[in-house]
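Colleague: I am attaching a structure below and will ask some questions about it afterwards.
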Amino acid sequence: MKQLQTVLDRAVAQGDVPFAVAMTANARGITWSGVAGERSAGQAATLDTVFRIFSMTKAVGSTAAMIMIDRGKFAMDTPVAEILPEFAGIKVLDGFDGEMPRLRAPRTQATLRHLATHTSGFVYEFWNADIPRYMAATGHPTVISGLKASMNYPLVFDPGARWDYGIGIDWLGRAVEAVDGRRIDQFCAEEIFQPLGMVDTGFEVSADMAPRLAGVKARGEEGQFVDFDLAPPSRPEFYGMGHALYSTAPDYLRFLRMFLNRGALDGRRVLSEAGVEAMLANAIGDLRLGRLVTTAPPVTADAEFFPGLQKSHSFGFMRMEEDVPGMRHAGAQGWAGVLNSHYWFDPAADLAAVLMTQSLPFAEPRFMATYDAFERAAYA
């Protein structure tokens with residue numbers, strides 16, 4: 001396991017990451033943990049460092065929906081508009097007349113499956129040039145604003161036509177709220193965080209978490225890391241299940257270990273075994289994940305995990321459809337947050353792991369080389 005620590009130490013020394021917290025586990029417990037660097041000026045990284053986990057939130061939102069599916073409250077293929085009538089007003093962006101967006105009705109009806117698997121037609125402004133153009137023309141707020149009005153992005157393709165990455169799981173969280181009656185933060189606390197013993201995970205930074213919250217760094221013009229301010233808004237109009245959580249490496253590993261244990265952890269069941277099986281299956285058929293091409297290089301590099309290999313999407317995660325030599329196996333699941341907090345779990349190998357920092361751009365080559373070395377060391 002010394003090799004894992006060496007990867008972290010080298011990455012910090014070379015300026016590939018500002019700091020790192022990483023852990024590996026199996027179904028039974030933690031197998032390795034390590035830290036390197038300073039989470040903020042003069043403060044060494046610790047295992048209980050608090051992170052803005054951004055899109056690592058998405059798997060929690062999908063789990064919330066899967067709990068409702070387990071209980072027969074709705075199905076993967078329930079139309080979104082049946083639960084949220086306002087969704088019927090969402091249109092497809094079909095081009096521009098001058099600078100004025102041209103919108104049309106979608107040709108297919110979006111389902112909860114489309115929302116969970118990024119096949120609904122929603123695409124973030126960081127990876128589709130038409131969306132920032134639409135936002136500029138209409139004054140549409142970004143979803144990170146926490147404003148309810150920000151949910152009404154147009155689609156850029158008809159639901160089910162392809163995979164692309166956007167705000168679907170924010171709408172999925174709203175569907176859970178509408179059917180369950182609890183606000184999504186209360187639902188997640190009572191149905192996921194408390195049963196799993198995730199004591200440092202929440203939608204707001206508690207007084208106990210605040211001193212451990214890491215700083216955010218961005219790669220500057222000269223290649224050095226500089227301070228950068230980015231966080232989900234506090235007390236928003238709605239908590240977006242695409243981005244709104246704070247957590248720690250140990251907490252998130254408890255969440256991942258629940259899947260290695262087929263829906264339960266330490267005697268507390270969150271999902272049925274059948275629910276886990278359904279949640280981890282390929283949920284998009286013959287569609288495949290491709291490359292996300294950046295429209296905002298300071299925020300994200302072009303992003304694709306394991307280029308050239310077959311990747312589908314389950315109800316909760318990116319899913320490998322083939323083995324990666326020396327790394328994760330077919331059926332392994334994973335994803336990441338925009339500040340380069342990454343995770344995967346591999347049921348075939350009984351392995352879960354996190355590698356977390358707080359830096360931009362997302363998926364920059366220097367970070368991805370560190371992630372590759374870390375994963376290879378974890379399997380070695």
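Residue numbering restarts at 1 in every chain; chains get A, B, ... in the order shown in the structure tokens, and ligands count up from 1 in that same order.
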Counting only C-alpha atoms, give me one row per residue of segment 47-154 of chain A with an atom at most 12 Å from an atom of segment 168-180 of chain A, showing the shortest contact pair and its distance in Å to one decimal, sorted by chain then residue number, as a Markdown table.

Modeller:
```
| residue | atom | partner | partner_atom | distance |
| --- | --- | --- | --- | --- |
| A:Phe54 | CA | A:Asp170 | CA | 11.8 |
| A:Ser55 | CA | A:Ile169 | CA | 9.7 |
| A:Met56 | CA | A:Ile169 | CA | 11.3 |
| A:Thr57 | CA | A:Ile169 | CA | 9.2 |
| A:Lys58 | CA | A:Ile169 | CA | 6.2 |
| A:Ala59 | CA | A:Ile169 | CA | 8.8 |
| A:Val60 | CA | A:Gly173 | CA | 9.5 |
| A:Gly61 | CA | A:Gly173 | CA | 5.9 |
| A:Ser62 | CA | A:Ile169 | CA | 7.0 |
| A:Thr63 | CA | A:Gly173 | CA | 9.9 |
| A:Ala64 | CA | A:Val176 | CA | 7.1 |
| A:Ala65 | CA | A:Val176 | CA | 6.0 |
| A:Met66 | CA | A:Val176 | CA | 9.5 |
| A:Ile67 | CA | A:Val176 | CA | 9.3 |
| A:Met68 | CA | A:Val176 | CA | 7.2 |
| A:Ile69 | CA | A:Val176 | CA | 9.9 |
| A:Arg71 | CA | A:Asp180 | CA | 10.7 |
| A:Gly72 | CA | A:Val179 | CA | 11.1 |
| A:Lys73 | CA | A:Val179 | CA | 7.3 |
| A:Phe74 | CA | A:Val179 | CA | 8.4 |
| A:Ala75 | CA | A:Ala175 | CA | 11.4 |
| A:Met76 | CA | A:Leu172 | CA | 10.6 |
| A:Thr78 | CA | A:Ala175 | CA | 10.5 |
| A:Pro79 | CA | A:Ala175 | CA | 10.5 |
| A:Val80 | CA | A:Ala175 | CA | 7.5 |
| A:Ala81 | CA | A:Ala175 | CA | 9.4 |
| A:Glu82 | CA | A:Ala175 | CA | 9.6 |
| A:Ile83 | CA | A:Ala175 | CA | 6.2 |
| A:Leu84 | CA | A:Ala175 | CA | 6.5 |
| A:Pro85 | CA | A:Ala175 | CA | 10.3 |
| A:Glu86 | CA | A:Trp171 | CA | 10.8 |
| A:Phe87 | CA | A:Trp171 | CA | 8.8 |
| A:Ile90 | CA | A:Trp171 | CA | 11.6 |
| A:Ala110 | CA | A:Gly168 | CA | 10.0 |
| A:Thr111 | CA | A:Leu172 | CA | 9.6 |
| A:Leu112 | CA | A:Leu172 | CA | 6.6 |
| A:Arg113 | CA | A:Leu172 | CA | 9.1 |
| A:His114 | CA | A:Gly168 | CA | 7.5 |
| A:Leu115 | CA | A:Gly168 | CA | 4.1 |
| A:Ala116 | CA | A:Ile169 | CA | 5.6 |
| A:Thr117 | CA | A:Gly168 | CA | 7.9 |
| A:His118 | CA | A:Gly168 | CA | 6.2 |
| A:Thr119 | CA | A:Gly168 | CA | 8.3 |
| A:Ser120 | CA | A:Gly168 | CA | 6.7 |
| A:Gly121 | CA | A:Gly168 | CA | 8.4 |
| A:Phe122 | CA | A:Gly168 | CA | 6.3 |
| A:Val123 | CA | A:Gly168 | CA | 8.6 |
| A:Tyr124 | CA | A:Gly168 | CA | 9.9 |
| A:Val143 | CA | A:Asp170 | CA | 8.6 |
| A:Ile144 | CA | A:Asp170 | CA | 10.4 |
| A:Gly146 | CA | A:Asp170 | CA | 10.2 |
| A:Leu147 | CA | A:Asp170 | CA | 11.6 |
| A:Lys148 | CA | A:Asp170 | CA | 10.3 |
| A:Ser150 | CA | A:Asp170 | CA | 10.3 |
| A:Met151 | CA | A:Trp171 | CA | 7.4 |
| A:Asn152 | CA | A:Trp171 | CA | 9.7 |
| A:Tyr153 | CA | A:Gly168 | CA | 10.2 |
| A:Pro154 | CA | A:Gly168 | CA | 11.4 |
```

Colleague: Which polymer residues have any atom within 10 Å of an atom of His329 of chain A, counting only C-alpha atoms, with same-chain residues fewer than 5 positions away left out, as a list in words?

Modeller: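 Close residues of His329 of chain A: Arg319, Met320, Glu321, Glu322, Asp323, Val324, Phe345, Asp346, Pro347, Ala348 and Ala349 of chain A.
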
Colleague: From the DSSP assignment of the backbone, select every residue of segment 68-230 of chain A that is strand (DSSP E), and format the answer as a list in words.

Modeller: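 Answer for segment 68-230 of chain A, restricted to strand (DSSP E): Val92, Leu93, Asp94, Gly95, Phe96, Asp97, Met100, Pro101, Arg102, Leu103, Arg104, Val216, Lys217, Ala218, Arg219, Phe225, Val226, Asp227 and Phe228 of chain A.
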
Colleague: Write out as a ChimeraX atom specification which residues come within 6 Å of Ala244 of chain A when counting only C-alpha atoms, dropping same-chain ones fewer than 4 positions away.

Modeller: /A:54,203,232,239-240

Colleague: I'd like to know which of A:Val7, A:Met258, A:Ala88, A:Met1 is closest to Phe374 of chain A, using only C-alpha atoms.

Modeller: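 Selected residue with least distance to Phe374 of chain A: A:Val7.
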
Colleague: Among segment 161-355 of chain A, which residues carry a DSSP assignment of helix (DSSP H, G or I), reported as a PyMOL selection string?

Modeller: chain A and resi 168-180+184-196+210-212+249-260+273-280+347-349

Colleague: Using only C-alpha atoms, which residue out of A:Leu155, A:Cys188, A:Glu304, A:Met356 lies closest to Asn128 of chain A?

Modeller: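 Among the listed residues, A:Leu155 lies closest to Asn128 of chain A.
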
Colleague: My list of candidates is A:Ala36, A:Val216, A:Ile192, A:Leu351. Which is closest to Arg268 of chain A when distances are computed with only C-alpha atoms?

Modeller: A:Ile192

Colleague: Please list as number ranges by chain every residue within 10 Å of Ala380 of chain A, counting only C-alpha atoms and excluding residues in the same chain fewer than 3 positions away.

Modeller: A: 1, 3-4, 326-327, 374-377

Colleague: Next, write the just-selected residues to a file, as a PDB file, in the first residue's frame, keeping N, CA and C atoms as the atom set.

Modeller:
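Final output, saved to part.pdb:
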```pdb
ATOM      1  N   MET A   1       0.822  -1.208   0.000  1.00  0.00           N
ATOM      2  CA  MET A   1       0.000   0.000   0.000  1.00  0.00           C
ATOM      3  C   MET A   1       0.862   1.268   0.000  1.00  0.00           C
ATOM      4  N   GLN A   3       2.764   2.204  -2.204  1.00  0.00           N
ATOM      5  CA  GLN A   3       2.700   2.765  -3.550  1.00  0.00           C
ATOM      6  C   GLN A   3       1.573   3.808  -3.667  1.00  0.00           C
ATOM      7  N   LEU A   4       0.451   3.583  -2.983  1.00  0.00           N
ATOM      8  CA  LEU A   4      -0.667   4.524  -3.029  1.00  0.00           C
ATOM      9  C   LEU A   4      -0.262   5.872  -2.430  1.00  0.00           C
ATOM     10  N   GLY A 326      -5.559  -3.964 -15.942  1.00  0.00           N
ATOM     11  CA  GLY A 326      -4.846  -3.485 -14.770  1.00  0.00           C
ATOM     12  C   GLY A 326      -5.647  -2.558 -13.882  1.00  0.00           C
ATOM     13  N   MET A 327      -6.943  -2.346 -14.232  1.00  0.00           N
ATOM     14  CA  MET A 327      -7.767  -1.405 -13.483  1.00  0.00           C
ATOM     15  C   MET A 327      -9.155  -2.009 -13.268  1.00  0.00           C
ATOM     16  N   PHE A 374      -3.087   6.218  -9.367  1.00  0.00           N
ATOM     17  CA  PHE A 374      -3.715   5.791  -8.110  1.00  0.00           C
ATOM     18  C   PHE A 374      -4.533   4.515  -8.317  1.00  0.00           C
ATOM     19  N   GLU A 375      -5.343   4.496  -9.373  1.00  0.00           N
ATOM     20  CA  GLU A 375      -6.173   3.316  -9.603  1.00  0.00           C
ATOM     21  C   GLU A 375      -5.314   2.083  -9.904  1.00  0.00           C
ATOM     22  N   ARG A 376      -4.284   2.263 -10.724  1.00  0.00           N
ATOM     23  CA  ARG A 376      -3.402   1.120 -11.025  1.00  0.00           C
ATOM     24  C   ARG A 376      -2.740   0.591  -9.747  1.00  0.00           C
ATOM     25  N   ALA A 377      -2.326   1.505  -8.868  1.00  0.00           N
ATOM     26  CA  ALA A 377      -1.701   1.084  -7.598  1.00  0.00           C
ATOM     27  C   ALA A 377      -2.714   0.359  -6.708  1.00  0.00           C
TER      28      ALA A 377
END
```

Colleague: Near segment 333-340 of chain A, counting only C-alpha atoms, which residues have an atom at most 10 Å away, once you skip same-chain residues fewer than 5 positions from it, shown as an MDAnalysis selection string?

Modeller: chainID A and resid 17 20 51:59 216:218 230:231 242:243 256 280:281 299:300 305 311:314 316:321 328 345:347 352:364 367:368 371

Colleague: Could you save those same residues with N, CA and C atoms as a compact mmCIF listing (two decimals), in the first residue's frame?

Modeller:
```txt
# COMPACT_ATOMS: atom_id res chain seq x y z
N VAL A 17 -1.73 18.23 -8.15
CA VAL A 17 -2.91 18.48 -7.33
C VAL A 17 -2.48 19.40 -6.19
N ALA A 20 -4.45 16.12 -1.53
CA ALA A 20 -5.26 14.94 -1.84
C ALA A 20 -5.62 14.19 -0.57
N PHE A 51 -15.32 18.37 1.80
CA PHE A 51 -15.26 18.73 0.37
C PHE A 51 -16.61 19.21 -0.13
N ARG A 52 -16.59 20.15 -1.08
CA ARG A 52 -17.76 20.43 -1.92
C ARG A 52 -17.75 19.33 -2.98
N ILE A 53 -18.67 18.38 -2.88
CA ILE A 53 -18.54 17.20 -3.76
C ILE A 53 -19.28 17.35 -5.09
N PHE A 54 -19.99 18.44 -5.27
CA PHE A 54 -20.64 18.73 -6.55
C PHE A 54 -21.27 17.48 -7.16
N SER A 55 -20.81 17.00 -8.30
CA SER A 55 -21.56 15.93 -9.01
C SER A 55 -21.45 14.55 -8.37
N MET A 56 -20.65 14.39 -7.31
CA MET A 56 -20.76 13.17 -6.51
C MET A 56 -22.12 13.13 -5.81
N THR A 57 -22.80 14.29 -5.75
CA THR A 57 -24.16 14.37 -5.22
C THR A 57 -25.14 13.55 -6.07
N LYS A 58 -24.87 13.44 -7.38
CA LYS A 58 -25.82 12.83 -8.30
C LYS A 58 -26.17 11.40 -7.92
N ALA A 59 -25.18 10.63 -7.51
CA ALA A 59 -25.45 9.23 -7.14
C ALA A 59 -26.36 9.15 -5.93
N VAL A 216 -10.51 26.01 -2.29
CA VAL A 216 -10.57 25.64 -3.71
C VAL A 216 -9.42 26.34 -4.44
N LYS A 217 -8.78 25.61 -5.35
CA LYS A 217 -7.69 26.16 -6.16
C LYS A 217 -8.03 26.01 -7.65
N ALA A 218 -7.55 26.95 -8.43
CA ALA A 218 -7.67 26.85 -9.89
C ALA A 218 -6.29 27.02 -10.49
N LEU A 230 -15.64 28.92 -5.23
CA LEU A 230 -16.73 28.19 -5.88
C LEU A 230 -17.40 27.29 -4.85
N ALA A 231 -18.69 27.44 -4.70
CA ALA A 231 -19.45 26.60 -3.76
C ALA A 231 -20.92 26.66 -4.13
N GLY A 242 -27.96 17.47 -8.25
CA GLY A 242 -26.81 17.36 -9.15
C GLY A 242 -25.52 17.88 -8.56
N HIS A 243 -25.60 18.69 -7.44
CA HIS A 243 -24.38 19.41 -7.07
C HIS A 243 -24.29 19.89 -5.62
N LEU A 256 -20.56 4.12 -0.78
CA LEU A 256 -20.16 3.16 -1.81
C LEU A 256 -20.15 1.73 -1.28
N LEU A 280 -27.74 -0.85 -10.67
CA LEU A 280 -26.40 -0.97 -11.24
C LEU A 280 -26.37 -1.57 -12.64
N ALA A 281 -27.53 -2.00 -13.16
CA ALA A 281 -27.59 -2.55 -14.52
C ALA A 281 -27.47 -1.43 -15.55
N VAL A 299 -12.82 26.01 -16.40
CA VAL A 299 -13.66 25.20 -15.50
C VAL A 299 -13.42 23.71 -15.72
N THR A 300 -13.34 23.29 -16.96
CA THR A 300 -13.18 21.87 -17.26
C THR A 300 -12.39 21.66 -18.53
N PHE A 305 -13.64 9.42 -19.45
CA PHE A 305 -12.94 8.37 -18.72
C PHE A 305 -12.73 7.18 -19.65
N LYS A 311 -18.62 2.37 -22.43
CA LYS A 311 -19.19 2.81 -21.16
C LYS A 311 -20.67 3.09 -21.36
N SER A 312 -21.49 2.50 -20.50
CA SER A 312 -22.93 2.81 -20.50
C SER A 312 -23.22 3.60 -19.23
N HIS A 313 -24.49 3.76 -18.91
CA HIS A 313 -24.87 4.43 -17.67
C HIS A 313 -25.92 3.58 -16.97
N SER A 314 -25.69 3.32 -15.69
CA SER A 314 -26.71 2.67 -14.88
C SER A 314 -27.67 3.75 -14.36
N GLY A 316 -27.55 5.00 -11.62
CA GLY A 316 -26.82 5.88 -10.71
C GLY A 316 -25.45 6.35 -11.13
N PHE A 317 -24.83 5.68 -12.10
CA PHE A 317 -23.40 5.87 -12.32
C PHE A 317 -22.99 5.61 -13.78
N MET A 318 -21.81 6.12 -14.15
CA MET A 318 -21.14 5.61 -15.34
C MET A 318 -20.79 4.14 -15.09
N ARG A 319 -21.03 3.30 -16.09
CA ARG A 319 -20.84 1.85 -15.92
C ARG A 319 -19.89 1.32 -16.99
N MET A 320 -18.84 0.63 -16.59
CA MET A 320 -17.94 0.01 -17.57
C MET A 320 -18.61 -1.22 -18.18
N GLU A 321 -18.56 -1.30 -19.51
CA GLU A 321 -19.10 -2.48 -20.21
C GLU A 321 -17.99 -3.45 -20.61
N ARG A 328 -10.19 -1.19 -13.31
CA ARG A 328 -11.53 -1.66 -12.97
C ARG A 328 -12.09 -2.64 -14.00
N PHE A 345 -16.45 2.16 -7.74
CA PHE A 345 -16.53 0.90 -7.00
C PHE A 345 -16.71 -0.23 -8.00
N ASP A 346 -16.12 -1.37 -7.66
CA ASP A 346 -15.98 -2.49 -8.58
C ASP A 346 -16.47 -3.75 -7.87
N PRO A 347 -17.75 -4.12 -8.06
CA PRO A 347 -18.27 -5.29 -7.35
C PRO A 347 -17.47 -6.56 -7.65
N ALA A 352 -13.83 -0.44 -3.47
CA ALA A 352 -14.35 0.92 -3.66
C ALA A 352 -13.22 1.88 -3.32
N ALA A 353 -13.18 3.03 -3.98
CA ALA A 353 -12.10 3.98 -3.72
C ALA A 353 -12.54 5.41 -4.02
N VAL A 354 -11.92 6.35 -3.31
CA VAL A 354 -12.09 7.77 -3.59
C VAL A 354 -10.72 8.42 -3.70
N LEU A 355 -10.60 9.39 -4.59
CA LEU A 355 -9.41 10.25 -4.70
C LEU A 355 -9.95 11.66 -4.83
N MET A 356 -9.72 12.50 -3.81
CA MET A 356 -10.43 13.77 -3.72
C MET A 356 -9.49 14.94 -3.50
N THR A 357 -9.70 16.01 -4.27
CA THR A 357 -9.08 17.29 -4.02
C THR A 357 -10.14 18.36 -4.30
N GLN A 358 -9.71 19.64 -4.39
CA GLN A 358 -10.63 20.74 -4.70
C GLN A 358 -9.90 21.64 -5.68
N SER A 359 -9.94 21.29 -6.97
CA SER A 359 -9.18 22.04 -7.96
C SER A 359 -9.90 22.10 -9.29
N LEU A 360 -9.61 23.13 -10.04
CA LEU A 360 -10.05 23.31 -11.42
C LEU A 360 -8.81 23.48 -12.30
N PRO A 361 -8.91 23.14 -13.60
CA PRO A 361 -10.07 22.62 -14.30
C PRO A 361 -10.34 21.15 -13.98
N PHE A 362 -11.62 20.77 -14.10
CA PHE A 362 -12.01 19.38 -13.96
C PHE A 362 -11.31 18.53 -15.02
N ALA A 363 -10.86 17.35 -14.61
CA ALA A 363 -10.31 16.34 -15.53
C ALA A 363 -9.12 16.84 -16.35
N GLU A 364 -8.39 17.83 -15.80
CA GLU A 364 -7.19 18.28 -16.54
C GLU A 364 -6.20 17.12 -16.62
N PHE A 367 -4.22 16.05 -13.46
CA PHE A 367 -5.00 15.31 -12.46
C PHE A 367 -5.29 13.89 -12.94
N MET A 368 -5.70 13.75 -14.19
CA MET A 368 -6.10 12.43 -14.68
C MET A 368 -4.92 11.45 -14.68
N TYR A 371 -4.85 10.21 -11.18
CA TYR A 371 -5.96 9.27 -10.95
C TYR A 371 -5.62 7.90 -11.56
```

Colleague: Quick one: pull the distance between atom CA of Met279 of chain A and atom CA of Asn261 of chain A, Å, one decimal.

Modeller: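 Interatomic distance here is 13.6 Å.
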
Colleague: Please report the interatomic distance between atom CA of Gln109 of chain A and atom CA of Asp77 of chain A in Å with one decimal.

Modeller: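 These two atoms are separated by 10.0 Å.
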
Colleague: In terms of the shortest atom-to-atom distance over only C-alpha atoms, which of A:Phe187, A:Trp344, A:Phe126, A:Phe193 is closest to Ile167 of chain A?

Modeller: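 The shortest atom-to-atom distance to Ile167 of chain A comes from A:Phe126.
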
Colleague: Looking at only C-alpha atoms, which of A:Arg262, A:Asp16, A:Glu125, A:Ala25 is the one that sits closest to Leu292 of chain A?

Modeller: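 Among A:Arg262, A:Asp16, A:Glu125, A:Ala25, it is A:Glu125 that comes nearest to Leu292 of chain A.
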
Colleague: Which neighbours of Arg269 of chain A fall inside 9 Å, counting only C-alpha atoms, when residues of the same chain fewer than 4 positions from it are skipped, and could you give them as a list in words?

Modeller: Pro195, Leu196, Met258, Gly263, Ala264 and Leu265 of chain A

Colleague: In Å, with one decimal, what is the gap from atom CA of Ser272 of chain A to atom CA of Ala332 of chain A?

Modeller: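 Between these atoms lies a distance of 19.2 Å.
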
Colleague: I'd like the contact shell of Val50 of chain A - 12 Å cut-off, only C-alpha atoms, skipping same-chain residues fewer than 5 positions apart - returned as a short mmCIF file (atom, residue, chain, number, x, y, z; two decimals) with N, CA and C atoms, in the first residue's frame.

Modeller:
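Done, and the output landed in result38.cif:
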```cif
data_model
loop_
_atom_site.label_atom_id
_atom_site.label_comp_id
_atom_site.auth_asym_id
_atom_site.auth_seq_id
_atom_site.Cartn_x
_atom_site.Cartn_y
_atom_site.Cartn_z
N ALA A 20 -4.45 16.12 -1.53
CA ALA A 20 -5.26 14.94 -1.84
C ALA A 20 -5.62 14.19 -0.57
N VAL A 21 -6.84 13.66 -0.58
CA VAL A 21 -7.30 12.69 0.42
C VAL A 21 -7.79 11.49 -0.38
N ARG A 39 -4.83 21.39 2.80
CA ARG A 39 -6.18 21.63 2.28
C ARG A 39 -6.48 23.13 2.19
N SER A 40 -5.78 23.94 2.98
CA SER A 40 -5.79 25.40 2.86
C SER A 40 -4.50 25.90 3.50
N ALA A 45 -3.95 18.62 5.07
CA ALA A 45 -5.11 17.77 4.76
C ALA A 45 -5.21 16.67 5.81
N VAL A 199 -21.94 10.97 9.01
CA VAL A 199 -22.13 12.06 9.98
C VAL A 199 -21.62 13.40 9.47
N ASP A 200 -20.80 13.39 8.42
CA ASP A 200 -20.20 14.62 7.88
C ASP A 200 -20.71 14.93 6.48
N THR A 201 -21.93 14.53 6.16
CA THR A 201 -22.50 14.78 4.84
C THR A 201 -23.77 15.59 5.00
N GLY A 202 -23.88 16.68 4.24
CA GLY A 202 -25.07 17.50 4.32
C GLY A 202 -25.09 18.59 3.26
N PHE A 203 -26.22 19.28 3.20
CA PHE A 203 -26.42 20.31 2.18
C PHE A 203 -25.94 21.69 2.64
N GLU A 204 -25.66 21.82 3.93
CA GLU A 204 -25.08 23.04 4.48
C GLU A 204 -23.85 22.64 5.29
N VAL A 205 -22.91 23.59 5.43
CA VAL A 205 -21.71 23.34 6.23
C VAL A 205 -22.03 23.62 7.69
N SER A 206 -22.07 22.55 8.49
CA SER A 206 -22.39 22.72 9.92
C SER A 206 -21.21 23.37 10.65
N ALA A 207 -21.47 23.83 11.86
CA ALA A 207 -20.41 24.46 12.67
C ALA A 207 -19.26 23.48 12.90
N ASP A 208 -19.57 22.20 13.00
CA ASP A 208 -18.53 21.19 13.21
C ASP A 208 -17.70 20.97 11.94
N MET A 209 -18.34 21.08 10.78
CA MET A 209 -17.65 20.84 9.50
C MET A 209 -16.81 22.04 9.04
N ALA A 210 -17.24 23.24 9.40
CA ALA A 210 -16.63 24.47 8.84
C ALA A 210 -15.11 24.54 8.99
N PRO A 211 -14.53 24.23 10.17
CA PRO A 211 -13.07 24.33 10.29
C PRO A 211 -12.31 23.34 9.41
N ARG A 212 -12.99 22.31 8.94
CA ARG A 212 -12.34 21.26 8.13
C ARG A 212 -12.59 21.43 6.63
N LEU A 213 -13.33 22.48 6.23
CA LEU A 213 -13.66 22.68 4.82
C LEU A 213 -12.42 23.11 4.05
N ALA A 214 -12.12 22.39 2.99
CA ALA A 214 -10.92 22.68 2.18
C ALA A 214 -11.11 23.94 1.36
N GLY A 215 -10.00 24.58 1.02
CA GLY A 215 -10.03 25.68 0.07
C GLY A 215 -10.09 25.15 -1.36
N VAL A 216 -10.51 26.01 -2.29
CA VAL A 216 -10.57 25.64 -3.71
C VAL A 216 -9.42 26.34 -4.44
N LEU A 245 -24.18 18.87 -2.34
CA LEU A 245 -23.71 18.27 -1.09
C LEU A 245 -22.27 18.59 -0.72
N TYR A 246 -22.04 18.57 0.59
CA TYR A 246 -20.70 18.55 1.19
C TYR A 246 -20.51 17.18 1.84
N SER A 247 -19.28 16.67 1.78
CA SER A 247 -19.03 15.36 2.40
C SER A 247 -17.54 15.18 2.65
N THR A 248 -17.20 14.01 3.18
CA THR A 248 -15.81 13.63 3.43
C THR A 248 -15.52 12.30 2.74
N ALA A 249 -14.25 11.98 2.61
CA ALA A 249 -13.86 10.70 2.00
C ALA A 249 -14.41 9.51 2.80
N PRO A 250 -14.26 9.48 4.13
CA PRO A 250 -14.80 8.32 4.87
C PRO A 250 -16.32 8.17 4.73
N ASP A 251 -17.04 9.31 4.74
CA ASP A 251 -18.49 9.24 4.58
C ASP A 251 -18.87 8.68 3.21
N TYR A 252 -18.22 9.20 2.16
CA TYR A 252 -18.62 8.75 0.82
C TYR A 252 -18.27 7.28 0.61
N SER A 341 -13.06 15.66 -7.36
CA SER A 341 -13.30 14.62 -6.35
C SER A 341 -13.87 13.42 -7.10
N MET A 356 -9.72 12.50 -3.81
CA MET A 356 -10.43 13.77 -3.72
C MET A 356 -9.49 14.94 -3.50
N THR A 357 -9.70 16.01 -4.27
CA THR A 357 -9.08 17.29 -4.02
C THR A 357 -10.14 18.36 -4.30
N GLN A 358 -9.71 19.64 -4.39
CA GLN A 358 -10.63 20.74 -4.70
C GLN A 358 -9.90 21.64 -5.68
#
```
